[in-house]
Amino acid sequence: MAQAKPVLVPDVSQRNIEIAYSFTGAELLLFGAILYPGGRVPGAAQPTDIVVVVKGPTQSVLIREKEKVAGIWVNAARLRYRSAPSFYAIASSRPIDRIVDDRTRAIYELGLDSLQLSPASSAPAETQDRFQRGLVDLKRRAGLYYAAPHAVEITDGVLYRARVTIPARVPVGRFTAETFLIRDGRVLAAAVRDIDIRKSGFERYVARAADRSSILYGLTAVALSMLLGWGAGWIARRV
């Protein structure tokens with residue numbers, strides 16, 4: 001029992017998030033308890049930290065770098081990543097660089113600067129770093145990547161909770177909420193909960209039609225555009 005490790009019992013306030021036309025975002029409450037061997041909670045001399053990471057489904061991303069040529073901004077170099085998380089949020093009880101070292105951060109992908117992306121080409125390391133910083137910056141400005149230090153509250157060393165904001169532009173798919181229990185720079189326990197984000201109502205019907213019958217969906221979209229254009233022109237002539 002002296003060498004037994006603590007166990008995390010996590011949960012989330014919503015396992016399923018429905019996106020409708022009026023969806024403006026959501027707030028997830030991630031909470032849980034820490035079960036210590038024998039029920040003995042470590043004292044203040046051994047502080048325990050909690051880190052929560054919410055990730056969206058991975059996707060292929062093409063990043064282009066613009067360059068000014070003869071006073072005109074044009075696309076210059078580009079780099080494609082085979083897999084990059086469509087959404088990434090990290091909440092922690094303290095700033096992550098005060099909890100674990102760089103090696104541990106890289107292993108568990110704890111932090112925006114520790115994401116392990118997969119470039120499709122063998123570009124020089126300097127180029128990869130530049131494009132990765134650009135990708136993270138673009139995602140951060142879109143609200144899809146962010147870090148929230150001090151966002152995890154730990155009560156009596158046993159109960160914890162954190163709030164993660166899901167933006168309106170979040171992609172759909174299977175998300176994961178990973179919780180890490182860390183002490184003395186070591187990950188002692190980890191647990192994962194799944195979250196499904198999907199469209200509902202008319203938006204879901206349109207998305208499924210575009211995915212399953214892309215040709216018919218495209219023809220229908222063109223026909224509707226032509227019909228609406230003709231209708232607007234007819235109204236303008238009558239007025």
# chains A, B, ... in the order shown; residues from 1 in each chain; ligands from 1
call {"tool": "closest_atom_pairs", "arguments": {"of": "region 76-139 of chain A", "to": "region 19-36 of chain A", "cutoff": "12 Å", "atoms": "only C-alpha atoms", "output": "tab-separated table"}}
result
residue	atom	partner	partner_atom	distance
A:Ala89	CA	A:Leu28	CA	11.3
A:Ile90	CA	A:Leu30	CA	11.7
A:Ala91	CA	A:Leu30	CA	10.0
A:Ser92	CA	A:Leu30	CA	11.6
call {"tool": "atom_distance", "arguments": {"atom1": "CA of Arg98 (chain A)", "atom2": "CA of Lys139 (chain A)"}}
result
24.3 Å
call {"tool": "residues_around", "arguments": {"residues": "Pro149 (chain A)", "least_positions_apart": "2", "cutoff": "9 Å", "atoms": "only C-alpha atoms", "output": "ChimeraX atom specification"}}
result
/A:90-96,147,151-152
call {"tool": "write_last_selection", "arguments": {"atoms": "N, CA, C and O atoms", "output": "PDB file, in the first residue's frame"}}
result
ATOM      1  N   ILE A  90      -5.846  23.646 -22.454  1.00  0.00           N
ATOM      2  CA  ILE A  90      -5.180  23.092 -21.287  1.00  0.00           C
ATOM      3  C   ILE A  90      -5.447  24.003 -20.093  1.00  0.00           C
ATOM      4  O   ILE A  90      -5.262  25.218 -20.166  1.00  0.00           O
ATOM      5  N   ALA A  91      -5.938  23.396 -19.017  1.00  0.00           N
ATOM      6  CA  ALA A  91      -6.186  24.113 -17.771  1.00  0.00           C
ATOM      7  C   ALA A  91      -5.368  23.432 -16.681  1.00  0.00           C
ATOM      8  O   ALA A  91      -5.259  22.204 -16.638  1.00  0.00           O
ATOM      9  N   SER A  92      -4.801  24.232 -15.806  1.00  0.00           N
ATOM     10  CA  SER A  92      -3.915  23.670 -14.780  1.00  0.00           C
ATOM     11  C   SER A  92      -4.065  24.447 -13.484  1.00  0.00           C
ATOM     12  O   SER A  92      -4.560  25.580 -13.455  1.00  0.00           O
ATOM     13  N   SER A  93      -3.634  23.819 -12.407  1.00  0.00           N
ATOM     14  CA  SER A  93      -3.709  24.460 -11.097  1.00  0.00           C
ATOM     15  C   SER A  93      -2.606  25.503 -10.911  1.00  0.00           C
ATOM     16  O   SER A  93      -2.733  26.407 -10.079  1.00  0.00           O
ATOM     17  N   ARG A  94      -1.532  25.367 -11.674  1.00  0.00           N
ATOM     18  CA  ARG A  94      -0.443  26.345 -11.701  1.00  0.00           C
ATOM     19  C   ARG A  94       0.066  26.424 -13.134  1.00  0.00           C
ATOM     20  O   ARG A  94      -0.251  25.562 -13.958  1.00  0.00           O
ATOM     21  N   PRO A  95       0.853  27.454 -13.455  1.00  0.00           N
ATOM     22  CA  PRO A  95       1.454  27.472 -14.790  1.00  0.00           C
ATOM     23  C   PRO A  95       2.202  26.179 -15.065  1.00  0.00           C
ATOM     24  O   PRO A  95       2.932  25.670 -14.204  1.00  0.00           O
ATOM     25  N   ILE A  96       2.015  25.631 -16.255  1.00  0.00           N
ATOM     26  CA  ILE A  96       2.505  24.289 -16.561  1.00  0.00           C
ATOM     27  C   ILE A  96       4.020  24.197 -16.466  1.00  0.00           C
ATOM     28  O   ILE A  96       4.563  23.143 -16.092  1.00  0.00           O
ATOM     29  N   ALA A 147      -4.578  28.294 -23.386  1.00  0.00           N
ATOM     30  CA  ALA A 147      -4.087  27.771 -22.115  1.00  0.00           C
ATOM     31  C   ALA A 147      -4.659  28.602 -20.986  1.00  0.00           C
ATOM     32  O   ALA A 147      -4.775  29.827 -21.096  1.00  0.00           O
ATOM     33  N   ALA A 151      -6.624  27.734 -13.644  1.00  0.00           N
ATOM     34  CA  ALA A 151      -8.051  27.509 -13.889  1.00  0.00           C
ATOM     35  C   ALA A 151      -8.591  26.289 -13.149  1.00  0.00           C
ATOM     36  O   ALA A 151      -9.799  26.090 -13.083  1.00  0.00           O
ATOM     37  N   VAL A 152      -7.703  25.446 -12.620  1.00  0.00           N
ATOM     38  CA  VAL A 152      -8.127  24.257 -11.877  1.00  0.00           C
ATOM     39  C   VAL A 152      -8.115  24.581 -10.383  1.00  0.00           C
ATOM     40  O   VAL A 152      -7.105  25.023  -9.842  1.00  0.00           O
TER      41      VAL A 152
END
call {"tool": "atom_distance", "arguments": {"atom1": "CA of Gly38 (chain A)", "atom2": "CA of Ile99 (chain A)"}}
result
25.2 Å
call {"tool": "residues_around", "arguments": {"residues": "Arg130 (chain A)", "least_positions_apart": "3", "cutoff": "12 Å", "atoms": "only C-alpha atoms", "output": "list of chain:residue names"}}
result
A:Ile63, A:Arg64, A:Glu65, A:Ala77, A:Arg78, A:Leu79, A:Asp113, A:Ala123, A:Pro124, A:Ala125, A:Glu126, A:Thr127, A:Arg133, A:Gly134, A:Leu135, A:Val136, A:Asp137
call {"tool": "write_last_selection", "arguments": {"atoms": "N, CA and C atoms", "output": "PDB file, in the first residue's frame"}}
result
ATOM      1  N   ILE A  63      -0.545  25.021 -43.957  1.00  0.00           N
ATOM      2  CA  ILE A  63      -0.189  26.366 -43.515  1.00  0.00           C
ATOM      3  C   ILE A  63       0.625  27.037 -44.612  1.00  0.00           C
ATOM      4  N   ARG A  64       0.184  28.215 -45.001  1.00  0.00           N
ATOM      5  CA  ARG A  64       0.899  29.006 -46.009  1.00  0.00           C
ATOM      6  C   ARG A  64       1.506  30.236 -45.362  1.00  0.00           C
ATOM      7  N   GLU A  65       2.694  30.571 -45.819  1.00  0.00           N
ATOM      8  CA  GLU A  65       3.396  31.750 -45.323  1.00  0.00           C
ATOM      9  C   GLU A  65       3.366  32.827 -46.395  1.00  0.00           C
ATOM     10  N   ALA A  77       6.151  30.157 -49.024  1.00  0.00           N
ATOM     11  CA  ALA A  77       6.369  28.787 -48.552  1.00  0.00           C
ATOM     12  C   ALA A  77       5.101  28.227 -47.916  1.00  0.00           C
ATOM     13  N   ARG A  78       5.010  26.918 -47.864  1.00  0.00           N
ATOM     14  CA  ARG A  78       3.867  26.261 -47.235  1.00  0.00           C
ATOM     15  C   ARG A  78       4.317  24.941 -46.629  1.00  0.00           C
ATOM     16  N   LEU A  79       3.554  24.473 -45.661  1.00  0.00           N
ATOM     17  CA  LEU A  79       3.872  23.224 -44.986  1.00  0.00           C
ATOM     18  C   LEU A  79       2.567  22.563 -44.539  1.00  0.00           C
ATOM     19  N   ASP A 113       3.185  24.896 -26.668  1.00  0.00           N
ATOM     20  CA  ASP A 113       4.496  24.785 -27.288  1.00  0.00           C
ATOM     21  C   ASP A 113       5.043  23.360 -27.213  1.00  0.00           C
ATOM     22  N   ALA A 123      10.956  19.081 -43.779  1.00  0.00           N
ATOM     23  CA  ALA A 123      11.494  20.437 -43.798  1.00  0.00           C
ATOM     24  C   ALA A 123      12.528  20.587 -42.691  1.00  0.00           C
ATOM     25  N   PRO A 124      13.447  21.535 -42.821  1.00  0.00           N
ATOM     26  CA  PRO A 124      14.425  21.768 -41.752  1.00  0.00           C
ATOM     27  C   PRO A 124      13.738  22.072 -40.437  1.00  0.00           C
ATOM     28  N   ALA A 125      14.411  21.772 -39.346  1.00  0.00           N
ATOM     29  CA  ALA A 125      13.827  21.952 -38.018  1.00  0.00           C
ATOM     30  C   ALA A 125      13.427  23.405 -37.780  1.00  0.00           C
ATOM     31  N   GLU A 126      14.254  24.333 -38.261  1.00  0.00           N
ATOM     32  CA  GLU A 126      13.939  25.751 -38.074  1.00  0.00           C
ATOM     33  C   GLU A 126      12.638  26.117 -38.793  1.00  0.00           C
ATOM     34  N   THR A 127      12.456  25.588 -40.006  1.00  0.00           N
ATOM     35  CA  THR A 127      11.232  25.860 -40.759  1.00  0.00           C
ATOM     36  C   THR A 127      10.019  25.247 -40.078  1.00  0.00           C
ATOM     37  N   ARG A 133       4.712  27.488 -34.875  1.00  0.00           N
ATOM     38  CA  ARG A 133       4.337  28.684 -34.119  1.00  0.00           C
ATOM     39  C   ARG A 133       3.232  29.443 -34.845  1.00  0.00           C
ATOM     40  N   GLY A 134       3.311  29.492 -36.179  1.00  0.00           N
ATOM     41  CA  GLY A 134       2.271  30.167 -36.948  1.00  0.00           C
ATOM     42  C   GLY A 134       0.936  29.458 -36.835  1.00  0.00           C
ATOM     43  N   LEU A 135       0.944  28.113 -36.882  1.00  0.00           N
ATOM     44  CA  LEU A 135      -0.288  27.345 -36.753  1.00  0.00           C
ATOM     45  C   LEU A 135      -0.922  27.568 -35.388  1.00  0.00           C
ATOM     46  N   VAL A 136      -0.125  27.497 -34.335  1.00  0.00           N
ATOM     47  CA  VAL A 136      -0.644  27.694 -32.985  1.00  0.00           C
ATOM     48  C   VAL A 136      -1.204  29.103 -32.832  1.00  0.00           C
ATOM     49  N   ASP A 137      -0.522  30.089 -33.411  1.00  0.00           N
ATOM     50  CA  ASP A 137      -0.996  31.466 -33.310  1.00  0.00           C
ATOM     51  C   ASP A 137      -2.333  31.646 -34.029  1.00  0.00           C
TER      52      ASP A 137
END
call {"tool": "select_by_dssp", "arguments": {"residues": "region 33-177 of chain A", "states": "strand (DSSP E or B)", "output": "number ranges by chain"}}
result
A: 33-35, 49-55, 58-69, 72-85, 88-92, 119, 145-149, 152-155, 159-166, 173-177
call {"tool": "atom_distance", "arguments": {"atom1": "CA of Thr179 (chain A)", "atom2": "CA of Asp194 (chain A)"}}
result
11.6 Å
call {"tool": "closest_residue", "arguments": {"among": "A:Pro57, A:Pro119, A:Gly229, A:Gly218", "to": "Arg82 (chain A)", "atoms": "only C-alpha atoms"}}
result
A:Pro119
